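Structure record follows, encoded as structure tokens.
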Amino acid sequence: MADIQWDSVYKQNKDVVAREIENEYILVPVTAGIGDLDEEIYALNETGRLIWDKIDGIKDINAVKAELLSEFKVQEQELARDINGFVQELEKRNILIKVS
């Protein structure tokens with residue numbers, strides 16, 4: 001799959017609920033047709049949760065990356081790779097929606 005476009009804006013699908021349960025952050029589709037039948041609930045690791053929390057339907061992905069780089073000590077290439085994979089996977093499953 002090709003890399004994401006860093007100037008794209010994404011929003012969280014309103015039909016997905018995010019909750020922290022017993023120190024685990026999960027995404028639960030509440031409408032049929034979202035996600036994958038084999039995996040109805042998605043657990044996010046710490047990096048995934050940080051990315052998820054920054055995606056607001058207003059900022060482009062470059063701005064999300066810049067915010068995370070300013071807040072945490074992380075290598076830019078590693079963060080870019082994590083964001084790219086995260087956005088691709090959740091967009092494919094209709095959990096993230098491309099706005100522009």
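Naming scheme: A, B, ... for chains in displayed order of the structure tokens; residues 1 onward per chain; ligands 1 onward as shown.
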Query raised in the report: Near A:Leu27, counting only C-alpha atoms, which residues have an atom at most 10 Å away, once you skip same-chain residues fewer than 6 positions from it, shown as number ranges by chain?
Result: A: 16-20, 40-44, 49, 52, 95
Take the residues that were just selected and, keeping all heavy atoms, output them as a CSV table (one decimal), in the first residue's frame.
```csv
chain,number,residue,atom,x,y,z
A,16,VAL,N,-17.7,4.9,15.8
A,16,VAL,CA,-16.7,4.2,16.6
A,16,VAL,C,-16.5,4.8,18.0
A,16,VAL,O,-16.3,6.0,18.1
A,16,VAL,CB,-15.3,4.2,15.9
A,16,VAL,CG1,-14.2,3.5,16.7
A,16,VAL,CG2,-15.4,3.5,14.5
A,17,VAL,N,-16.6,4.0,19.0
A,17,VAL,CA,-16.5,4.5,20.4
A,17,VAL,C,-15.1,4.1,20.9
A,17,VAL,O,-14.7,3.0,20.7
A,17,VAL,CB,-17.6,3.9,21.3
A,17,VAL,CG1,-17.4,4.3,22.7
A,17,VAL,CG2,-18.9,4.3,20.8
A,18,ALA,N,-14.4,5.1,21.5
A,18,ALA,CA,-13.1,4.8,22.1
A,18,ALA,C,-13.2,4.8,23.6
A,18,ALA,O,-13.8,5.7,24.2
A,18,ALA,CB,-12.1,5.9,21.6
A,19,ARG,N,-12.7,3.8,24.3
A,19,ARG,CA,-12.8,3.7,25.7
A,19,ARG,C,-11.5,3.1,26.3
A,19,ARG,O,-10.9,2.2,25.7
A,19,ARG,CB,-14.0,2.8,26.1
A,19,ARG,CG,-15.3,3.3,25.8
A,19,ARG,CD,-15.7,4.4,26.7
A,19,ARG,NE,-17.1,4.9,26.4
A,19,ARG,CZ,-17.4,5.9,25.7
A,19,ARG,NH1,-16.5,6.6,25.1
A,19,ARG,NH2,-18.6,6.3,25.5
A,20,GLU,N,-11.3,3.5,27.5
A,20,GLU,CA,-10.2,2.9,28.3
A,20,GLU,C,-10.8,1.9,29.3
A,20,GLU,O,-11.6,2.3,30.1
A,20,GLU,CB,-9.3,3.9,29.0
A,20,GLU,CG,-8.1,3.3,29.7
A,20,GLU,CD,-7.2,4.3,30.2
A,20,GLU,OE1,-7.4,5.5,30.0
A,20,GLU,OE2,-6.2,3.9,30.9
A,40,GLU,N,-13.7,-7.2,15.7
A,40,GLU,CA,-14.7,-6.2,15.9
A,40,GLU,C,-14.2,-5.1,16.9
A,40,GLU,O,-14.6,-4.0,16.8
A,40,GLU,CB,-16.0,-6.8,16.5
A,40,GLU,CG,-16.6,-7.8,15.6
A,40,GLU,CD,-17.6,-7.2,14.7
A,40,GLU,OE1,-18.2,-6.2,15.1
A,40,GLU,OE2,-17.9,-7.7,13.6
A,41,ILE,N,-13.3,-5.5,17.8
A,41,ILE,CA,-12.7,-4.5,18.8
A,41,ILE,C,-11.3,-4.3,18.5
A,41,ILE,O,-10.6,-5.3,18.2
A,41,ILE,CB,-12.9,-5.0,20.2
A,41,ILE,CG1,-14.4,-5.1,20.5
A,41,ILE,CG2,-12.3,-4.2,21.2
A,41,ILE,CD1,-14.8,-5.8,21.8
A,42,TYR,N,-10.8,-3.1,18.5
A,42,TYR,CA,-9.4,-2.8,18.2
A,42,TYR,C,-8.7,-2.2,19.4
A,42,TYR,O,-9.2,-1.2,20.0
A,42,TYR,CB,-9.3,-1.8,17.0
A,42,TYR,CG,-10.0,-2.3,15.8
A,42,TYR,CD1,-11.4,-2.0,15.6
A,42,TYR,CD2,-9.4,-3.1,14.9
A,42,TYR,CE1,-12.0,-2.5,14.5
A,42,TYR,CE2,-10.0,-3.6,13.8
A,42,TYR,CZ,-11.3,-3.3,13.6
A,42,TYR,OH,-12.0,-3.7,12.5
A,43,ALA,N,-7.7,-2.9,19.9
A,43,ALA,CA,-6.9,-2.4,21.0
A,43,ALA,C,-5.8,-1.6,20.5
A,43,ALA,O,-5.1,-2.0,19.5
A,43,ALA,CB,-6.4,-3.5,21.8
A,44,LEU,N,-5.6,-0.4,21.0
A,44,LEU,CA,-4.5,0.5,20.6
A,44,LEU,C,-3.3,0.4,21.5
A,44,LEU,O,-3.5,0.5,22.7
A,44,LEU,CB,-5.0,2.0,20.5
A,44,LEU,CG,-6.1,2.3,19.5
A,44,LEU,CD1,-6.4,3.8,19.6
A,44,LEU,CD2,-5.8,1.8,18.1
A,49,ARG,N,-2.7,5.2,20.5
A,49,ARG,CA,-3.6,6.1,21.3
A,49,ARG,C,-3.2,7.5,21.1
A,49,ARG,O,-4.1,8.4,21.0
A,49,ARG,CB,-3.6,5.7,22.8
A,49,ARG,CG,-4.6,6.5,23.6
A,49,ARG,CD,-4.6,6.2,25.0
A,49,ARG,NE,-5.5,7.1,25.7
A,49,ARG,CZ,-5.9,6.9,26.9
A,49,ARG,NH1,-5.5,5.8,27.6
A,49,ARG,NH2,-6.8,7.7,27.4
A,52,TRP,N,-4.3,8.6,17.7
A,52,TRP,CA,-5.8,8.7,17.7
A,52,TRP,C,-6.3,10.0,18.3
A,52,TRP,O,-7.2,10.6,17.8
A,52,TRP,CB,-6.4,7.5,18.4
A,52,TRP,CG,-7.9,7.5,18.5
A,52,TRP,CD1,-8.6,7.8,19.6
A,52,TRP,CD2,-8.8,7.1,17.5
A,52,TRP,NE1,-9.9,7.7,19.4
A,52,TRP,CE2,-10.1,7.2,18.1
A,52,TRP,CE3,-8.7,6.6,16.2
A,52,TRP,CZ2,-11.3,7.0,17.4
A,52,TRP,CZ3,-9.9,6.4,15.5
A,52,TRP,CH2,-11.2,6.5,16.1
A,95,ILE,N,-12.4,3.3,10.1
A,95,ILE,CA,-12.4,3.8,11.4
A,95,ILE,C,-12.0,5.2,11.4
A,95,ILE,O,-12.4,6.1,12.2
A,95,ILE,CB,-11.6,2.9,12.4
A,95,ILE,CG1,-12.2,1.5,12.5
A,95,ILE,CG2,-11.3,3.6,13.7
A,95,ILE,CD1,-11.4,0.5,13.2
```
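For chain A, the set of residues given strand (DSSP E) by DSSP on the backbone reads Tyr10, Lys11, Gln12, Val16, Val17, Ala18, Arg19, Glu20, Ile21, Glu24, Tyr25, Ile26, Leu27, Val28, Pro29, Tyr42, Ala43, Leu44, Leu96, Ile97 and Lys98 of chain A.
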Requested in this report: Excluding A:Lys11 and any residue of its chain fewer than 6 positions from it, enumerate the residues within 12 Å of it, using only C-alpha atoms, and give them as a list in words.
Outcome: Ile51, Trp52, Asp53, Lys54, Ile55, Asp56, Gly57, Ile58, Lys59, Asp60, Ile61, Val64, Val87, Leu90, Glu91, Asn94, Ile95, Leu96, Ile97, Lys98, Val99 and Ser100 of chain A
**Report entry** Secondary structure check, helix (DSSP H, G or I) residues of stretch 5-91 of chain A, as a ChimeraX atom specification
**Finding:** /A:46-54,61-71,76-91
